[in-house]
$ cat structure-v9.pdb   # PDB, C-alpha atoms and all ligand atoms
ATOM      1  CA  MET C   1      76.839 111.838 146.298  1.00  0.00           C
ATOM      2  CA  LYS C   2      74.192 113.232 148.633  1.00  0.00           C
ATOM      3  CA  PHE C   3      72.367 111.147 151.293  1.00  0.00           C
ATOM      4  CA  PHE C   4      68.637 111.445 151.874  1.00  0.00           C
ATOM      5  CA  ILE C   5      66.809 109.348 154.449  1.00  0.00           C
ATOM      6  CA  ASP C   6      63.780 107.440 153.188  1.00  0.00           C
ATOM      7  CA  THR C   7      61.346 107.555 156.096  1.00  0.00           C
ATOM      8  CA  ALA C   8      58.647 109.627 157.774  1.00  0.00           C
ATOM      9  CA  ASN C   9      59.844 108.558 161.239  1.00  0.00           C
ATOM     10  CA  LEU C  10      61.002 111.676 163.103  1.00  0.00           C
ATOM     11  CA  ALA C  11      63.311 109.790 165.496  1.00  0.00           C
ATOM     12  CA  GLN C  12      65.119 108.089 162.613  1.00  0.00           C
ATOM     13  CA  ILE C  13      65.382 111.370 160.703  1.00  0.00           C
ATOM     14  CA  LYS C  14      66.905 112.970 163.809  1.00  0.00           C
ATOM     15  CA  GLU C  15      69.347 110.071 164.280  1.00  0.00           C
ATOM     16  CA  ALA C  16      70.566 110.327 160.671  1.00  0.00           C
ATOM     17  CA  HIS C  17      70.750 114.116 160.937  1.00  0.00           C
ATOM     18  CA  ASP C  18      72.804 113.880 164.150  1.00  0.00           C
ATOM     19  CA  LEU C  19      75.311 111.692 162.282  1.00  0.00           C
ATOM     20  CA  GLY C  20      76.092 114.825 160.268  1.00  0.00           C
ATOM     21  CA  VAL C  21      75.804 113.275 156.802  1.00  0.00           C
ATOM     22  CA  LEU C  22      72.152 113.893 155.954  1.00  0.00           C
ATOM     23  CA  ASP C  23      71.238 116.115 152.992  1.00  0.00           C
ATOM     24  CA  GLY C  24      67.469 115.604 152.713  1.00  0.00           C
ATOM     25  CA  VAL C  25      64.429 113.384 153.294  1.00  0.00           C
ATOM     26  CA  THR C  26      62.044 111.424 151.077  1.00  0.00           C
ATOM     27  CA  THR C  27      58.646 110.150 152.146  1.00  0.00           C
ATOM     28  CA  ASN C  28      55.841 108.354 150.374  1.00  0.00           C
ATOM     29  CA  PRO C  29      52.233 107.523 151.313  1.00  0.00           C
ATOM     30  CA  SER C  30      53.244 104.068 152.610  1.00  0.00           C
ATOM     31  CA  LEU C  31      55.916 105.576 154.888  1.00  0.00           C
ATOM     32  CA  MET C  32      53.480 108.256 156.170  1.00  0.00           C
ATOM     33  CA  ALA C  33      50.800 105.604 156.849  1.00  0.00           C
ATOM     34  CA  LYS C  34      53.394 103.503 158.728  1.00  0.00           C
ATOM     35  CA  GLU C  35      53.820 106.428 161.165  1.00  0.00           C
ATOM     36  CA  GLY C  36      50.037 106.646 161.633  1.00  0.00           C
ATOM     37  CA  ILE C  37      49.778 110.121 160.062  1.00  0.00           C
ATOM     38  CA  LYS C  38      46.129 110.654 159.047  1.00  0.00           C
ATOM     39  CA  GLY C  39      44.108 113.611 157.781  1.00  0.00           C
ATOM     40  CA  GLU C  40      45.230 116.621 155.752  1.00  0.00           C
ATOM     41  CA  ALA C  41      46.097 118.871 158.716  1.00  0.00           C
ATOM     42  CA  ASN C  42      48.245 116.191 160.367  1.00  0.00           C
ATOM     43  CA  ILE C  43      49.946 115.346 157.065  1.00  0.00           C
ATOM     44  CA  LEU C  44      50.869 118.994 156.402  1.00  0.00           C
ATOM     45  CA  LYS C  45      52.069 119.404 160.012  1.00  0.00           C
ATOM     46  CA  HIS C  46      54.220 116.280 159.771  1.00  0.00           C
ATOM     47  CA  TYR C  47      55.982 117.636 156.667  1.00  0.00           C
ATOM     48  CA  ALA C  48      56.500 120.940 158.508  1.00  0.00           C
ATOM     49  CA  ASP C  49      58.014 119.026 161.468  1.00  0.00           C
ATOM     50  CA  ILE C  50      60.424 117.228 159.106  1.00  0.00           C
ATOM     51  CA  CYS C  51      61.417 120.592 157.593  1.00  0.00           C
ATOM     52  CA  GLU C  52      62.250 121.829 161.107  1.00  0.00           C
ATOM     53  CA  LEU C  53      64.619 118.885 161.613  1.00  0.00           C
ATOM     54  CA  VAL C  54      66.498 118.905 158.292  1.00  0.00           C
ATOM     55  CA  ASP C  55      67.613 121.864 156.206  1.00  0.00           C
ATOM     56  CA  GLY C  56      67.516 120.237 152.754  1.00  0.00           C
ATOM     57  CA  PRO C  57      65.076 118.947 150.130  1.00  0.00           C
ATOM     58  CA  ILE C  58      62.062 117.187 151.719  1.00  0.00           C
ATOM     59  CA  SER C  59      59.935 115.174 149.279  1.00  0.00           C
ATOM     60  CA  ALA C  60      56.170 115.225 149.921  1.00  0.00           C
ATOM     61  CA  GLU C  61      54.074 113.087 147.580  1.00  0.00           C
ATOM     62  CA  VAL C  62      50.789 114.121 145.940  1.00  0.00           C
ATOM     63  CA  LEU C  63      47.953 111.656 146.475  1.00  0.00           C
ATOM     64  CA  SER C  64      45.828 112.535 143.444  1.00  0.00           C
ATOM     65  CA  THR C  65      46.328 111.232 139.915  1.00  0.00           C
ATOM     66  CA  ASP C  66      44.704 113.872 137.689  1.00  0.00           C
ATOM     67  CA  PHE C  67      46.532 117.008 136.529  1.00  0.00           C
ATOM     68  CA  LYS C  68      44.245 119.607 138.127  1.00  0.00           C
ATOM     69  CA  SER C  69      44.172 117.971 141.567  1.00  0.00           C
ATOM     70  CA  MET C  70      47.923 117.258 141.472  1.00  0.00           C
ATOM     71  CA  VAL C  71      48.610 120.938 140.799  1.00  0.00           C
ATOM     72  CA  GLU C  72      46.293 122.059 143.632  1.00  0.00           C
ATOM     73  CA  GLU C  73      47.794 119.542 146.030  1.00  0.00           C
ATOM     74  CA  GLY C  74      51.380 120.298 144.975  1.00  0.00           C
ATOM     75  CA  LYS C  75      50.891 124.038 145.515  1.00  0.00           C
ATOM     76  CA  LYS C  76      49.559 123.363 149.014  1.00  0.00           C
ATOM     77  CA  LEU C  77      52.556 121.130 149.806  1.00  0.00           C
ATOM     78  CA  ALA C  78      55.063 123.612 148.350  1.00  0.00           C
ATOM     79  CA  ALA C  79      53.564 126.368 150.526  1.00  0.00           C
ATOM     80  CA  ILE C  80      54.530 124.478 153.721  1.00  0.00           C
ATOM     81  CA  HIS C  81      58.244 125.357 153.446  1.00  0.00           C
ATOM     82  CA  PRO C  82      60.721 126.448 150.727  1.00  0.00           C
ATOM     83  CA  ASN C  83      62.532 123.080 151.079  1.00  0.00           C
ATOM     84  CA  ILE C  84      59.476 121.018 150.096  1.00  0.00           C
ATOM     85  CA  VAL C  85      59.880 119.060 146.866  1.00  0.00           C
ATOM     86  CA  VAL C  86      56.601 117.904 145.315  1.00  0.00           C
ATOM     87  CA  LYS C  87      56.755 114.189 144.542  1.00  0.00           C
ATOM     88  CA  VAL C  88      54.774 113.249 141.440  1.00  0.00           C
ATOM     89  CA  PRO C  89      54.179 109.751 139.996  1.00  0.00           C
ATOM     90  CA  MET C  90      55.438 108.882 136.485  1.00  0.00           C
ATOM     91  CA  ILE C  91      52.025 108.838 134.773  1.00  0.00           C
ATOM     92  CA  LYS C  92      50.685 110.952 131.894  1.00  0.00           C
ATOM     93  CA  ASP C  93      49.068 113.614 134.095  1.00  0.00           C
ATOM     94  CA  GLY C  94      52.134 113.435 136.337  1.00  0.00           C
ATOM     95  CA  VAL C  95      54.382 114.481 133.438  1.00  0.00           C
ATOM     96  CA  LYS C  96      52.052 117.432 132.722  1.00  0.00           C
ATOM     97  CA  ALA C  97      52.136 118.357 136.419  1.00  0.00           C
ATOM     98  CA  LEU C  98      55.961 118.137 136.487  1.00  0.00           C
ATOM     99  CA  LYS C  99      56.116 120.607 133.589  1.00  0.00           C
ATOM    100  CA  TYR C 100      53.612 122.906 135.303  1.00  0.00           C
ATOM    101  CA  PHE C 101      55.599 122.887 138.563  1.00  0.00           C
ATOM    102  CA  THR C 102      58.892 123.429 136.662  1.00  0.00           C
ATOM    103  CA  ASP C 103      57.423 126.444 134.865  1.00  0.00           C
ATOM    104  CA  ASN C 104      56.188 127.828 138.186  1.00  0.00           C
ATOM    105  CA  GLY C 105      59.421 127.444 140.146  1.00  0.00           C
ATOM    106  CA  ILE C 106      58.279 124.498 142.285  1.00  0.00           C
ATOM    107  CA  LYS C 107      60.835 121.712 142.821  1.00  0.00           C
ATOM    108  CA  THR C 108      59.767 118.170 141.918  1.00  0.00           C
ATOM    109  CA  ASN C 109      60.727 114.548 142.423  1.00  0.00           C
ATOM    110  CA  CYS C 110      59.394 112.184 139.746  1.00  0.00           C
ATOM    111  CA  THR C 111      58.665 108.902 141.513  1.00  0.00           C
ATOM    112  CA  LEU C 112      57.894 105.292 140.527  1.00  0.00           C
ATOM    113  CA  VAL C 113      60.480 105.286 137.738  1.00  0.00           C
ATOM    114  CA  PHE C 114      61.490 101.869 136.429  1.00  0.00           C
ATOM    115  CA  SER C 115      62.943 102.516 132.942  1.00  0.00           C
ATOM    116  CA  ALA C 116      65.348 104.807 131.089  1.00  0.00           C
ATOM    117  CA  GLY C 117      62.479 106.000 128.879  1.00  0.00           C
ATOM    118  CA  GLN C 118      60.555 107.200 131.929  1.00  0.00           C
ATOM    119  CA  ALA C 119      63.708 108.960 133.186  1.00  0.00           C
ATOM    120  CA  ILE C 120      64.051 110.782 129.844  1.00  0.00           C
ATOM    121  CA  LEU C 121      60.427 111.974 130.067  1.00  0.00           C
ATOM    122  CA  ALA C 122      60.948 113.196 133.641  1.00  0.00           C
ATOM    123  CA  ALA C 123      64.048 115.155 132.588  1.00  0.00           C
ATOM    124  CA  LYS C 124      62.248 116.629 129.554  1.00  0.00           C
ATOM    125  CA  ALA C 125      59.492 117.844 131.905  1.00  0.00           C
ATOM    126  CA  GLY C 126      62.175 119.536 134.007  1.00  0.00           C
ATOM    127  CA  ALA C 127      61.954 117.357 137.130  1.00  0.00           C
ATOM    128  CA  THR C 128      64.446 118.407 139.806  1.00  0.00           C
ATOM    129  CA  PHE C 129      64.946 114.776 140.836  1.00  0.00           C
ATOM    130  CA  VAL C 130      64.124 111.440 139.207  1.00  0.00           C
ATOM    131  CA  SER C 131      63.624 108.417 141.471  1.00  0.00           C
ATOM    132  CA  PRO C 132      64.425 105.022 139.934  1.00  0.00           C
ATOM    133  CA  PHE C 133      63.312 102.293 142.406  1.00  0.00           C
ATOM    134  CA  ILE C 134      66.307  99.996 142.322  1.00  0.00           C
ATOM    135  CA  GLY C 135      65.271  97.555 145.073  1.00  0.00           C
ATOM    136  CA  ARG C 136      61.887  96.896 143.464  1.00  0.00           C
ATOM    137  CA  ILE C 137      63.634  96.324 140.116  1.00  0.00           C
ATOM    138  CA  ASP C 138      65.963  93.791 141.775  1.00  0.00           C
ATOM    139  CA  ASP C 139      62.898  92.171 143.385  1.00  0.00           C
ATOM    140  CA  SER C 140      61.487  91.563 139.901  1.00  0.00           C
ATOM    141  CA  SER C 141      64.739  89.872 138.785  1.00  0.00           C
ATOM    142  CA  TRP C 142      66.120  92.845 136.808  1.00  0.00           C
ATOM    143  CA  ASP C 143      69.209  94.909 137.662  1.00  0.00           C
ATOM    144  CA  GLY C 144      68.336  98.154 139.466  1.00  0.00           C
ATOM    145  CA  VAL C 145      71.895  99.490 139.642  1.00  0.00           C
ATOM    146  CA  GLU C 146      72.276  98.903 135.887  1.00  0.00           C
ATOM    147  CA  LEU C 147      69.326 101.286 135.366  1.00  0.00           C
ATOM    148  CA  ILE C 148      71.084 103.970 137.437  1.00  0.00           C
ATOM    149  CA  ALA C 149      74.192 103.618 135.231  1.00  0.00           C
ATOM    150  CA  GLN C 150      72.074 103.812 132.046  1.00  0.00           C
ATOM    151  CA  ILE C 151      70.235 106.953 133.189  1.00  0.00           C
ATOM    152  CA  ALA C 152      73.520 108.558 134.328  1.00  0.00           C
ATOM    153  CA  GLN C 153      75.012 107.937 130.868  1.00  0.00           C
ATOM    154  CA  ILE C 154      71.956 109.320 129.051  1.00  0.00           C
ATOM    155  CA  TYR C 155      71.720 112.421 131.255  1.00  0.00           C
ATOM    156  CA  SER C 156      75.444 113.082 130.796  1.00  0.00           C
ATOM    157  CA  ILE C 157      75.338 112.681 126.982  1.00  0.00           C
ATOM    158  CA  GLN C 158      72.188 114.798 126.687  1.00  0.00           C
ATOM    159  CA  GLY C 159      73.127 117.412 129.278  1.00  0.00           C
ATOM    160  CA  PHE C 160      69.938 116.907 131.331  1.00  0.00           C
ATOM    161  CA  LYS C 161      70.077 118.732 134.663  1.00  0.00           C
ATOM    162  CA  THR C 162      67.663 116.427 136.550  1.00  0.00           C
ATOM    163  CA  GLU C 163      69.428 114.775 139.506  1.00  0.00           C
ATOM    164  CA  ILE C 164      69.344 110.978 139.782  1.00  0.00           C
ATOM    165  CA  LEU C 165      67.916 110.029 143.170  1.00  0.00           C
ATOM    166  CA  ALA C 166      68.394 106.277 143.629  1.00  0.00           C
ATOM    167  CA  ALA C 167      65.397 105.054 145.646  1.00  0.00           C
ATOM    168  CA  SER C 168      64.126 101.772 147.055  1.00  0.00           C
ATOM    169  CA  ILE C 169      67.561 101.084 148.549  1.00  0.00           C
ATOM    170  CA  ARG C 170      67.691  97.816 150.466  1.00  0.00           C
ATOM    171  CA  ASN C 171      71.230  97.665 151.902  1.00  0.00           C
ATOM    172  CA  ALA C 172      74.638  99.331 152.203  1.00  0.00           C
ATOM    173  CA  LEU C 173      75.977  97.570 149.098  1.00  0.00           C
ATOM    174  CA  HIS C 174      73.219  99.220 147.039  1.00  0.00           C
ATOM    175  CA  ILE C 175      74.535 102.615 148.210  1.00  0.00           C
ATOM    176  CA  VAL C 176      78.106 101.784 147.154  1.00  0.00           C
ATOM    177  CA  LYS C 177      76.950 100.412 143.779  1.00  0.00           C
ATOM    178  CA  CYS C 178      74.758 103.487 143.150  1.00  0.00           C
ATOM    179  CA  ALA C 179      77.725 105.758 143.929  1.00  0.00           C
ATOM    180  CA  GLU C 180      79.809 103.828 141.366  1.00  0.00           C
ATOM    181  CA  ALA C 181      76.989 103.969 138.806  1.00  0.00           C
ATOM    182  CA  GLY C 182      76.716 107.764 138.970  1.00  0.00           C
ATOM    183  CA  ALA C 183      73.702 108.443 141.223  1.00  0.00           C
ATOM    184  CA  ASP C 184      73.621 112.049 142.466  1.00  0.00           C
ATOM    185  CA  ILE C 185      71.718 111.040 145.594  1.00  0.00           C
ATOM    186  CA  CYS C 186      70.771 107.848 147.434  1.00  0.00           C
ATOM    187  CA  THR C 187      67.658 107.864 149.577  1.00  0.00           C
ATOM    188  CA  CYS C 188      68.076 105.139 152.132  1.00  0.00           C
ATOM    189  CA  PRO C 189      66.472 103.592 155.197  1.00  0.00           C
ATOM    190  CA  LEU C 190      68.479 104.373 158.373  1.00  0.00           C
ATOM    191  CA  ASP C 191      69.684 100.733 158.582  1.00  0.00           C
ATOM    192  CA  SER C 192      71.337 100.962 155.152  1.00  0.00           C
ATOM    193  CA  ILE C 193      73.127 104.201 156.071  1.00  0.00           C
ATOM    194  CA  LEU C 194      74.345 102.671 159.337  1.00  0.00           C
ATOM    195  CA  GLY C 195      75.273  99.504 157.414  1.00  0.00           C
ATOM    196  CA  LEU C 196      78.029 101.510 155.725  1.00  0.00           C
ATOM    197  CA  LEU C 197      79.791 101.687 159.105  1.00  0.00           C
ATOM    198  CA  LYS C 198      80.135  97.955 159.469  1.00  0.00           C
ATOM    199  CA  HIS C 199      83.366  96.038 158.981  1.00  0.00           C
ATOM    200  CA  PRO C 200      84.508  93.225 161.310  1.00  0.00           C
ATOM    201  CA  LEU C 201      88.175  94.292 160.991  1.00  0.00           C
ATOM    202  CA  THR C 202      87.225  97.753 162.327  1.00  0.00           C
ATOM    203  CA  ASP C 203      85.665  96.147 165.428  1.00  0.00           C
ATOM    204  CA  ILE C 204      88.587  93.727 165.932  1.00  0.00           C
ATOM    205  CA  GLY C 205      91.136  96.524 165.363  1.00  0.00           C
ATOM    206  CA  LEU C 206      89.427  98.888 167.792  1.00  0.00           C
ATOM    207  CA  ALA C 207      89.152  96.198 170.502  1.00  0.00           C
ATOM    208  CA  LYS C 208      92.921  95.546 170.184  1.00  0.00           C
ATOM    209  CA  PHE C 209      93.795  99.260 170.281  1.00  0.00           C
ATOM    210  CA  LEU C 210      91.663  99.748 173.412  1.00  0.00           C
ATOM    211  CA  GLU C 211      93.277  96.703 175.076  1.00  0.00           C
ATOM    212  CA  ASP C 212      96.758  97.958 174.220  1.00  0.00           C
ATOM    213  CA  ALA C 213      95.836 101.468 175.398  1.00  0.00           C
ATOM    214  CA  LYS C 214      95.569 100.073 178.932  1.00  0.00           C
ATOM    215  CA  LYS C 215      99.344  99.338 178.771  1.00  0.00           C
ATOM    216  CA  MET C 216     100.182 102.920 177.820  1.00  0.00           C
TER     217      MET C 216
HETATM  218  C1  LIG O   1      61.412 106.904 147.840  1.00  0.00           C
HETATM  219  O1  LIG O   1      61.358 107.951 147.252  1.00  0.00           O
HETATM  220  C2  LIG O   1      60.612 105.719 147.458  1.00  0.00           C
HETATM  221  O2  LIG O   1      59.260 105.974 147.642  1.00  0.00           O
HETATM  222  C3  LIG O   1      61.072 104.552 148.284  1.00  0.00           C
HETATM  223  O3  LIG O   1      62.489 104.495 148.261  1.00  0.00           O
HETATM  224  C4  LIG O   1      60.464 103.233 147.890  1.00  0.00           C
HETATM  225  O4  LIG O   1      61.117 102.213 148.625  1.00  0.00           O
HETATM  226  P1  LIG O   1      60.536 100.749 148.771  1.00  0.00           P
HETATM  227  O5  LIG O   1      60.654 100.049 147.451  1.00  0.00           O
HETATM  228  O6  LIG O   1      61.418 100.126 149.818  1.00  0.00           O
HETATM  229  O7  LIG O   1      59.113 100.870 149.218  1.00  0.00           O
END

$ encode --input "structure-v9.pdb" --output "structure tokens"
Amino acid sequence: MKFFIDTANLAQIKEAHDLGVLDGVTTNPSLMAKEGIKGEANILKHYADICELVDGPISAEVLSTDFKSMVEEGKKLAAIHPNIVVKVPMIKDGVKALKYFTDNGIKTNCTLVFSAGQAILAAKAGATFVSPFIGRIDDSSWDGVELIAQIAQIYSIQGFKTEILAASIRNALHIVKCAEAGADICTCPLDSILGLLKHPLTDIGLAKFLEDAKKM
């Protein structure tokens, strides 16, 4: 399973990259706004800066909701760097845009996916990645990881090539459960990635080894 980091914060992207386990980056308009990135030129430059840091798929989301504008915007984003993946919402014009980008060799990430039916549509349109939002599903008292397992089973039976990118990850346990359920990728906040490191017996064991090392 690949690891993407889910942030537009350059310091956090660098920290995850320096750990040596980072395969890509996802952003969304909320994450870009959180970093104070405003205006088209600054937005495009920020994506270019992320591409300089990480050599892997970098998702950049379109802000328009009609087919024609999505295509224009997506082309502009894709022109920033060969690693840019155009992130498109799961709406009717979004599906048309996914198909357009697929036919024109532009990689896509279909976002805001909350059901197996939506994941089937994304795969039919040729999306490179599909992003089920598991944390938001859990927040609404459904089972996000169960959706990952269902999509993984459908894609395997049907031979769909779209990669399952588990998004809206809230903690390290989500990452483990998504790996078990068959996600191809998890996109995670830095805290969740670092959460995988934690085990009290590791800390206790290391403290004892270091104490005993003084007697060597
Ligand atoms: C990533 O592609 C998604 O936009 C992101 O994971 C959503 O996460 P959230 O539910 O924590 O906002």

$ residues_near_ligand --input "structure-v9.pdb" --ligand "ligand LIG 1 (chain O)" --cutoff "9 Å" --atoms "all atoms listed in the file" --output "JSON, numbers by chain"
{"C": [5, 6, 7, 25, 26, 27, 28, 29, 30, 31, 59, 61, 87, 109, 110, 111, 112, 131, 132, 133, 134, 135, 136, 137, 165, 166, 167, 168, 169, 170, 186, 187, 188, 189]}

$ resolve_selection --input "structure-v9.pdb" --expression "the PyMOL selection byres (((chain C and resi 119) around 9) and not hetatm)" --output "VMD selection string"
chain C and resid 90 110 113 to 118 120 to 124 130 to 132 151 155 164

$ closest_residue --input "structure-v9.pdb" --among "C:Glu163, C:Asp139, C:Leu147, C:Ile204" --to "Cys178 of chain C" --atoms "all atoms listed in the file"
C:Leu147

$ atom_distance --input "structure-v9.pdb" --atom1 "atom CA of Gly39 of chain C" --atom2 "atom CA of Leu22 of chain C"
28.1 Å

$ atom_distance --input "structure-v9.pdb" --atom1 "atom CA of Ser192 of chain C" --atom2 "atom CA of Val145 of chain C"
15.6 Å

$ residues_around --input "structure-v9.pdb" --residues "Lys75 of chain C" --least-positions-apart "3" --cutoff "10 Å" --atoms "only C-alpha atoms" --output "PyMOL selection string"
chain C and resi 62+69-72+78-80+86+101+104+106

$ closest_residue --input "structure-v9.pdb" --among "C:Asp23, C:Glu73, C:Asp18, C:Asp55" --to "Glu40 of chain C" --atoms "only C-alpha atoms"
C:Glu73

$ atom_distance --input "structure-v9.pdb" --atom1 "atom CA of Lys14 of chain C" --atom2 "atom CA of Ala207 of chain C"
28.7 Å

$ resolve_selection --input "structure-v9.pdb" --expression "the PyMOL selection byres (((chain C and resi 93) around 9) and not hetatm)" --output "list in words"
Thr65, Asp66, Phe67, Lys68, Met70, Pro89, Met90, Ile91, Lys92, Gly94, Val95, Lys96, Ala97 and Leu98 of chain C

$ closest_residue --input "structure-v9.pdb" --among "C:Glu211, C:Ala181, C:Asn83, C:Ile193" --to "Asp143 of chain C" --atoms "all atoms listed in the file"
C:Ala181

$ closest_residue --input "structure-v9.pdb" --among "C:Gly105, C:Ala183, C:Glu52, C:Thr162" --to "His81 of chain C" --atoms "only C-alpha atoms"
C:Glu52

$ closest_residue --input "structure-v9.pdb" --among "C:Leu53, C:Asn9, C:Ala60, C:Thr108" --to "Gly36 of chain C" --atoms "only C-alpha atoms"
C:Asn9

$ axis_aligned_box --input "structure-v9.pdb" --around "segment 44-48 of chain C" --padding-each-side "8 Å" --output "lines of an AutoDock Vina configuration file"
center_x = 53.7
center_y = 118.6
center_z = 158.2
size_x = 21.6
size_y = 20.7
size_z = 19.6

$ closest_residue --input "structure-v9.pdb" --among "C:Ala179, C:Phe160, C:Phe129, C:Leu201" --to "Glu146 of chain C" --atoms "all atoms listed in the file"
C:Ala179

$ build_atoms --input "structure-v9.pdb" --residues "segment 137-148 of chain C" --atoms "N, CA, C and O atoms" --output "PDB file, in the coordinates of the input"
ATOM      1  N   ILE C 137      63.187  96.914 141.388  1.00  0.00           N
ATOM      2  CA  ILE C 137      63.634  96.324 140.116  1.00  0.00           C
ATOM      3  C   ILE C 137      64.364  95.009 140.403  1.00  0.00           C
ATOM      4  O   ILE C 137      64.096  93.982 139.773  1.00  0.00           O
ATOM      5  N   ASP C 138      65.265  95.035 141.394  1.00  0.00           N
ATOM      6  CA  ASP C 138      65.963  93.791 141.775  1.00  0.00           C
ATOM      7  C   ASP C 138      64.954  92.715 142.182  1.00  0.00           C
ATOM      8  O   ASP C 138      65.118  91.549 141.820  1.00  0.00           O
ATOM      9  N   ASP C 139      63.913  93.145 142.929  1.00  0.00           N
ATOM     10  CA  ASP C 139      62.898  92.171 143.385  1.00  0.00           C
ATOM     11  C   ASP C 139      62.223  91.472 142.209  1.00  0.00           C
ATOM     12  O   ASP C 139      61.736  90.349 142.339  1.00  0.00           O
ATOM     13  N   SER C 140      62.158  92.173 141.052  1.00  0.00           N
ATOM     14  CA  SER C 140      61.487  91.563 139.901  1.00  0.00           C
ATOM     15  C   SER C 140      62.513  90.929 138.942  1.00  0.00           C
ATOM     16  O   SER C 140      62.245  90.751 137.755  1.00  0.00           O
ATOM     17  N   SER C 141      63.685  90.608 139.508  1.00  0.00           N
ATOM     18  CA  SER C 141      64.739  89.872 138.785  1.00  0.00           C
ATOM     19  C   SER C 141      65.373  90.656 137.636  1.00  0.00           C
ATOM     20  O   SER C 141      65.841  90.060 136.659  1.00  0.00           O
ATOM     21  N   TRP C 142      65.364  92.014 137.723  1.00  0.00           N
ATOM     22  CA  TRP C 142      66.120  92.845 136.808  1.00  0.00           C
ATOM     23  C   TRP C 142      67.224  93.510 137.622  1.00  0.00           C
ATOM     24  O   TRP C 142      67.288  93.305 138.837  1.00  0.00           O
ATOM     25  N   ASP C 143      68.068  94.333 136.960  1.00  0.00           N
ATOM     26  CA  ASP C 143      69.209  94.909 137.662  1.00  0.00           C
ATOM     27  C   ASP C 143      68.996  96.410 137.893  1.00  0.00           C
ATOM     28  O   ASP C 143      69.146  97.215 136.976  1.00  0.00           O
ATOM     29  N   GLY C 144      68.641  96.760 139.140  1.00  0.00           N
ATOM     30  CA  GLY C 144      68.336  98.154 139.466  1.00  0.00           C
ATOM     31  C   GLY C 144      69.525  99.079 139.295  1.00  0.00           C
ATOM     32  O   GLY C 144      69.394 100.189 138.776  1.00  0.00           O
ATOM     33  N   VAL C 145      70.704  98.640 139.736  1.00  0.00           N
ATOM     34  CA  VAL C 145      71.895  99.490 139.642  1.00  0.00           C
ATOM     35  C   VAL C 145      72.250  99.754 138.175  1.00  0.00           C
ATOM     36  O   VAL C 145      72.695 100.852 137.816  1.00  0.00           O
ATOM     37  N   GLU C 146      72.017  98.742 137.329  1.00  0.00           N
ATOM     38  CA  GLU C 146      72.276  98.903 135.887  1.00  0.00           C
ATOM     39  C   GLU C 146      71.426 100.054 135.332  1.00  0.00           C
ATOM     40  O   GLU C 146      71.875 100.828 134.478  1.00  0.00           O
ATOM     41  N   LEU C 147      70.194 100.186 135.825  1.00  0.00           N
ATOM     42  CA  LEU C 147      69.326 101.286 135.366  1.00  0.00           C
ATOM     43  C   LEU C 147      69.907 102.639 135.778  1.00  0.00           C
ATOM     44  O   LEU C 147      69.866 103.607 134.998  1.00  0.00           O
ATOM     45  N   ILE C 148      70.458 102.707 136.989  1.00  0.00           N
ATOM     46  CA  ILE C 148      71.084 103.970 137.437  1.00  0.00           C
ATOM     47  C   ILE C 148      72.219 104.346 136.479  1.00  0.00           C
ATOM     48  O   ILE C 148      72.326 105.497 136.036  1.00  0.00           O
TER      49      ILE C 148
END
